[in-house]
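Colleague: Structure in structure tokens, see below.
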Amino acid sequence: GLCADDPETGRPRPHPSLKFLSLEECGLTKVSGPAIALAALAVPCLEELLLGRNELGDETAVALASSMAPRGFGFGGASLTRLDLSENQLMGEGLAALAGALGRHGYLQSLDVGGNEKIGGVLATVSEVTHQVMEGLNSACALRDLHLWRCGLYDESANLLVDSLPPRLRLLNIAANPFTRELRRKLVRQRGSGGATVSIRA
């Protein structure tokens with residue numbers, strides 16, 4: 001479990017050695033999700049938190065982002081390096097909150113928000129959210145892998161994201177988005193220029 005009883009007090013405390021936690025396809029919603037996710041982040045040794053294929057929504061993403069502790073303490077005390085919120089009904093607000101937190105505290109190395117198909121529409125229409133995402137990603141110094149597959153990204157939003165890549169990013173997965181052929185050709189050329197690997201497979 002997430003908690004073990006403290007032998008001295010008898011009270012529950014975060015499990016001291018839990019490093020990997022998968023709560024994928026557990027029927028979590030925006031009602032239950034924030035509390036469960038924040039409890040997971042209280043585990044000091046947790047490195048990977050997988051929450052894919054639930055219905056957590058922006059509420060959980062914002063709660064996770066707001067719980068990030070100052071630099072030196074990771075996420076809420078955890079040593080989290082991988083976070084998966086794919087297929088969770090996220091929109092622009094959730095992505096902006098996560099990106100902003102990455103920029104401020106950035107210990108996360110892999111972020112998967114793929115399969116949240118309304119993100120692209122928000123980025124295309126709400127300039128404030130787009131700016132927050134770009135600013136956060138650009139300063140996410142630890143991020144290596146970013147997954148935005150099937151997020152409804154059209155050319156303009158995809159171009160902005162590609163132009164705001166974190167400095168150490170190795171993989172940008174933007175497969176299965178509705179790009180034009182022109183953008184696909186541009187990304188193929190960019191992929192061979194020595195920067196991050198850009199996945200654009202259908």
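Residue numbering restarts at 1 in every chain; chains get A, B, ... in the order shown in the structure tokens, and ligands count up from 1 in that same order.
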If you run DSSP over the backbone, which residues in chain A end up strand (DSSP E)? Put them as a ChimeraX atom specification.
Modeller: /A:3-5,12-14,20-22,48-50,82-84,110-112,145-147,171-173,197-199
Colleague: Could you give me, as a PDB file with N, CA and C atoms, in the first residue's frame, the residues within 8 Å of Leu95 of chain A, counting only C-alpha atoms and dropping anything in the same chain fewer than 3 positions from it?
Modeller:
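In the end it all went to result_25.pdb:
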ATOM      1  N   ASP A  58      -8.509  18.191 -15.418  1.00  0.00           N
ATOM      2  CA  ASP A  58      -7.577  19.259 -15.068  1.00  0.00           C
ATOM      3  C   ASP A  58      -7.423  19.420 -13.560  1.00  0.00           C
ATOM      4  N   ALA A  61      -4.525  17.392 -12.359  1.00  0.00           N
ATOM      5  CA  ALA A  61      -3.262  17.930 -12.866  1.00  0.00           C
ATOM      6  C   ALA A  61      -2.870  19.199 -12.116  1.00  0.00           C
ATOM      7  N   LEU A  90      -7.719  15.649 -19.757  1.00  0.00           N
ATOM      8  CA  LEU A  90      -7.045  16.919 -19.489  1.00  0.00           C
ATOM      9  C   LEU A  90      -7.315  17.897 -20.616  1.00  0.00           C
ATOM     10  N   MET A  91      -7.269  19.172 -20.267  1.00  0.00           N
ATOM     11  CA  MET A  91      -7.381  20.235 -21.258  1.00  0.00           C
ATOM     12  C   MET A  91      -6.201  21.187 -21.066  1.00  0.00           C
ATOM     13  N   GLY A  92      -6.310  22.377 -21.567  1.00  0.00           N
ATOM     14  CA  GLY A  92      -5.180  23.291 -21.527  1.00  0.00           C
ATOM     15  C   GLY A  92      -4.765  23.703 -20.134  1.00  0.00           C
ATOM     16  N   LEU A  98       0.978  21.908 -15.150  1.00  0.00           N
ATOM     17  CA  LEU A  98       2.104  20.983 -15.091  1.00  0.00           C
ATOM     18  C   LEU A  98       3.361  21.591 -15.691  1.00  0.00           C
ATOM     19  N   ALA A  99       3.211  22.237 -16.844  1.00  0.00           N
ATOM     20  CA  ALA A  99       4.371  22.845 -17.495  1.00  0.00           C
ATOM     21  C   ALA A  99       4.978  23.931 -16.623  1.00  0.00           C
ATOM     22  N   VAL A 113       1.205  13.136 -21.413  1.00  0.00           N
ATOM     23  CA  VAL A 113      -0.164  13.656 -21.377  1.00  0.00           C
ATOM     24  C   VAL A 113      -0.867  13.351 -22.700  1.00  0.00           C
ATOM     25  N   ILE A 119      -6.683  19.160 -25.661  1.00  0.00           N
ATOM     26  CA  ILE A 119      -5.582  20.080 -25.386  1.00  0.00           C
ATOM     27  C   ILE A 119      -5.333  20.995 -26.586  1.00  0.00           C
ATOM     28  N   VAL A 133       2.139  27.375 -21.162  1.00  0.00           N
ATOM     29  CA  VAL A 133       2.731  26.084 -21.539  1.00  0.00           C
ATOM     30  C   VAL A 133       4.114  26.297 -22.140  1.00  0.00           C
TER      31      VAL A 133
END
Colleague: Calculated over only C-alpha atoms, which of the candidates A:Ser17, A:Asn159, A:Ser86, A:Ser66 has the smallest distance to Leu50 of chain A?
Modeller: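 Selected residue with least distance to Leu50 of chain A: A:Ser86.
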